[in-house]
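Undergrad: Structure incoming, see below.
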Amino acid sequence: MGEYYVNSGGNDVIFIGDCEVYENFSPVTLWQEYGIPSYIRGSAQQMIWQSYYLLEETLQYETPKVVVFNVLSMKYDTPESTGSPTRREAYNRMTLDTMRWSPTKWKAIAASLTEEEREWEGLLTYLFPILRYHERWSQLTAEDFAYWLRRDTVSHNGYLMQTGVKPMTDSYASAPLADYRFGENSWHYLDKMRLLCEEKGVQLVLIKAPTLYPIWWWEWDAQIAQYAEENGLLYLNMIESIEDIGIDWNTDTYDAGLHLNVWGAEKAARWLGEVLREECNLPDRREDAELSATWSKKVALYEQEKQSRGGS
Amino acid sequence: MKKWIFFVLCFSIFLSGCGNSAGKDYVFAYEGTEIPMHAPAEGILTALGEPVNYTETPSCAFEGLDKTYYFGGFYLTTYPGDKGDCVSGLWFADDSVTTPEGIRIGSTQAEVEAAYGTGGFNGTNAYFLTGEGMKLSIILINGTVGSVQYEAVFS
């Protein structure tokens with residue numbers, strides 16, 4: 001997430017959302033195939049209110065032509081609805097601690113706190129993380145200091161490369177829900193995203209990434225489709241296009257179908273790039289010498305990592 | 001005797017690192033094996049025997065796996081605790097299993113209310129009953145029970 005700040009500017013497409021964006025789409029493929037410069041502002045279990053504030057922050061750095069938002073997080077209406085508060089706090093910190101200080105970050109923190117965190121004044125610990133971790137001083141290792149001083153780049157314009165292969169052999173089961181309606185808070189933040197994009201002249205595209213678990217219920221799909229239609233948005237449920245995309249669950253996933261590996265992410269980006277080019281009139285920017293030079297370095301690093309990790 | 005069993009269960013949960021305490025309310029049992037939410041999964045899984053099916057899902061960022069076991073009549077899910085897997089949920093797959101209060105898939109709304117009362121009714125299609133560290137959801141579809149779910153609640 002924090003790597004964005006040195007890569008901001010000049011992106012025609014910004015992805016916002018949870019691990020279903022940063023693990024499932026390769027910006028390098030979007031560039032190589034269509035000349036579309038893009039960046040993924042994704043983080044693990046990113047909540048929709050965090051997505052909104054990340055969007056707000058991103059638009060302070062640049063104005064892309066298109067914002068692609070993955071809608072899976074609509075299922076979580078409140079910080080408490082995600083399960084274990086310990087995990088929730090850890091996920092919060094993965095998103096929030098990497099944001100630069102700004103009023104937007106402040107608002108993102110305020111929206112993200114669980115009731116439990118509010119009780120022990122968790123807001124202060126996001127402002128001053130040392131308050132949260134001061135008891136860890138005796139466990140610090142040389143690795144902690146090395147990480148503090150220098151963090152290696154781990155993503156390719158926000159994409160986290162995975163080169164493992166673990167086929168999906170079984171379908172996943174989920175208990176049915178008593179109520180499939182998305183919550184008011186989720187709709188509130190989706191509306192805010194839409195209105196902010198409208199205000200800035202950015203086309204908002206809603207997607208559901210082409211992975212099969214967590215389950216994307218058809219009742220959820222219908223609500224998003226209706227919302228998109230009512231508001232003139234493009235909504236792509238990529239699950240319906242898995243065959244067209246060409247995803248092979250024997251070779252294109254590293255964790256049995258929850259996320260795609262690099263080969264799957266390239267296929268997903270190839271399919272999405274075609275749609276974005278056609279539907280959003282995105283230009284091919286490969287003729288731009290400066291941009292092309294920047295991206296040729298990114299492509300080289302990407303190919304190098306892919307090869308070193310067993311890809312081809 | 002029941003108090004003693006409950007004390008042993010709570011103590012084993014404390015030792016297991018499962019984090020939350022498990023209540024004695026609404027505990028599903030299958031062929032004599034009680035399955036409280038947040039309980040250490042290892043002993044329960046041993047007692048239940050070989051599952052018909054098993055899937056696992058890693059989290060986006062944490063070590064450990066969320067696991068789902070299918071035992072024919074029901075699914076059981078676990079989450080990784082500090083010292084081993086803990087029970088996170090259970091839901092009925094068909095009408096071959098019943099709650100200790102006698103409710104199964106296909107039971108009528110009247111039977112649900114006779115077993116659990118009317119207090120947990122949400123006014124439309126479900127009963128939500130809470131115990132210590134858990135929630136029991138009974139969902140009605142077309143007037144009869146369509147789903148029974150036990151779920152660990154984190155605090």
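Residue numbering restarts at 1 for every chain of the structure tokens, chains are lettered A, B, ... in their displayed order, and ligands are numbered from 1 as they appear.
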Residues of chain B within 10 Å of chain A, using only C-alpha atoms, as an MDAnalysis selection string?
TA: chainID B and resid 19:20 53:62 68:70 75 77 79 88:93 122 124:128 137:141 146:149 152:155
Undergrad: Quick one: residues within 9 Å of Asn185 in chain A, only C-alpha atoms counted, chain neighbours fewer than 6 positions away excluded, as an MDAnalysis selection string?
TA: chainID A and resid 48:49 74 76:78
Undergrad: Would you mind listing what lies within 8 Å of Thr99 in chain B as a PyMOL selection string, with only C-alpha atoms counted and same-chain residues fewer than 5 positions away left out?
TA: chain B and resi 28-29+104
Undergrad: Would you export the selected residues with N, CA, C and O atoms as a short mmCIF file (atom, residue, chain, number, x, y, z; two decimals), in the first residue's frame, please?
TA:
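Output (out_12.cif):
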```cif
data_model
loop_
_atom_site.label_atom_id
_atom_site.label_comp_id
_atom_site.auth_asym_id
_atom_site.auth_seq_id
_atom_site.Cartn_x
_atom_site.Cartn_y
_atom_site.Cartn_z
N PHE B 28 -24.51 -28.07 20.08
CA PHE B 28 -24.91 -29.17 19.22
C PHE B 28 -24.10 -30.42 19.59
O PHE B 28 -22.92 -30.33 19.94
N ALA B 29 -24.74 -31.56 19.52
CA ALA B 29 -24.05 -32.82 19.79
C ALA B 29 -24.36 -33.81 18.67
O ALA B 29 -25.49 -33.86 18.17
N ARG B 104 -34.80 -29.54 13.26
CA ARG B 104 -34.05 -29.99 12.09
C ARG B 104 -34.50 -29.20 10.87
O ARG B 104 -35.49 -28.46 10.95
#
```
Undergrad: Let's see if you can do this: from backbone DSSP, list all helix (DSSP H, G or I) residues in chain B, as a PyMOL selection string.
TA: chain B and resi 2-16+41-48+109-116
Undergrad: Which one of B:Thr33, B:Gly81, B:His38, B:Thr98 sits closest to Glu132 in chain B if you count only C-alpha atoms?
TA: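 For Glu132 in chain B, the nearest of the candidates is B:His38.
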Undergrad: Do a neighbour search on Leu55 in chain A at 10 Å with only C-alpha atoms, toss out local chain neighbours closer than 2 positions, and write the hits as a PyMOL selection string.
TA: chain A and resi 14-17+41+49-53+57-60+67+69+104+193+196-197
Undergrad: Restricting the calculation to only C-alpha atoms: of B:Ala41, B:Val97, B:Leu65, B:Ala114, which residue gets closest to Pro80 in chain B?
TA: B:Leu65
Undergrad: As a list in words, please: the residues near Val112 in chain B (cut-off 10 Å, only C-alpha atoms, same-chain neighbours under 4 positions excluded).
TA: Glu101, Gly102, Ile103, Arg104, Ser107, Thr108, Tyr116, Gly117, Thr118, Phe121, Tyr127, Ile138, Leu140, Thr144 and Val145 of chain B
Undergrad: Mind writing the picked residues with C-alpha atoms as a PDB file, in the first residue's frame?
TA:
```
ATOM      1  CA  GLU B 101     -33.917 -29.113  21.350  1.00  0.00           C
ATOM      2  CA  GLY B 102     -35.280 -31.236  18.493  1.00  0.00           C
ATOM      3  CA  ILE B 103     -35.147 -28.836  15.530  1.00  0.00           C
ATOM      4  CA  ARG B 104     -34.046 -29.985  12.094  1.00  0.00           C
ATOM      5  CA  SER B 107     -39.245 -28.327  11.185  1.00  0.00           C
ATOM      6  CA  THR B 108     -42.188 -25.950  11.302  1.00  0.00           C
ATOM      7  CA  TYR B 116     -36.866 -22.001  21.711  1.00  0.00           C
ATOM      8  CA  GLY B 117     -39.689 -19.578  22.398  1.00  0.00           C
ATOM      9  CA  THR B 118     -40.488 -16.493  20.377  1.00  0.00           C
ATOM     10  CA  PHE B 121     -37.622 -14.011  16.111  1.00  0.00           C
ATOM     11  CA  TYR B 127     -34.590 -16.782  14.949  1.00  0.00           C
ATOM     12  CA  ILE B 138     -32.525 -20.772  12.542  1.00  0.00           C
ATOM     13  CA  LEU B 140     -37.066 -20.155   7.736  1.00  0.00           C
ATOM     14  CA  THR B 144     -40.244 -24.146   7.512  1.00  0.00           C
ATOM     15  CA  VAL B 145     -36.682 -24.387   8.767  1.00  0.00           C
TER      16      VAL B 145
END
```
Undergrad: Considering only strand (DSSP E) as DSSP defines it on the backbone, what residues of range 5-154 of chain B qualify? List them as an MDAnalysis selection string.
TA: chainID B and resid 28:30 33:35 53:58 65:70 74:80 85:92 126:131 134:141 144:152
Undergrad: I'd like the interatomic distance between CA of Lys297 in chain A and CA of Val6 in chain A, to a tenth of an Å.
TA: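 One can read the CA of Lys297 in chain A to CA of Val6 in chain A distance as 14.3 Å.
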Undergrad: From the set B:Cys18, B:Gly131, B:Met37, B:Gly106, which residue has the shortest atom-to-atom contact distance to Leu76 in chain B, counting only C-alpha atoms?
TA: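 Distance minimum relative to Leu76 in chain B lands on B:Met37.
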Undergrad: Excluding Pro210 in chain A and any residue of its chain fewer than 5 positions from it, enumerate the residues within 7 Å of it, using only C-alpha atoms, and give them as a list in words.
TA: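 Once the nearby chain positions are removed, what remains is Met238, Ile239 and Ile242 of chain A.
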Undergrad: Hey, which of A:Leu124, A:Val202, A:Ala269, A:Ala108 ends up closest to Ser38 in chain A? Count only C-alpha atoms.
TA: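 Smallest distance to Ser38 in chain A is found for A:Ala269.
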Undergrad: Report as a PyMOL selection string all protein, DNA and RNA residues lying within 9 Å of Gly246 in chain A, evaluated on only C-alpha atoms, omitting residues in the same chain fewer than 4 positions from it.
TA: chain A and resi 241-242+264+267-268+271
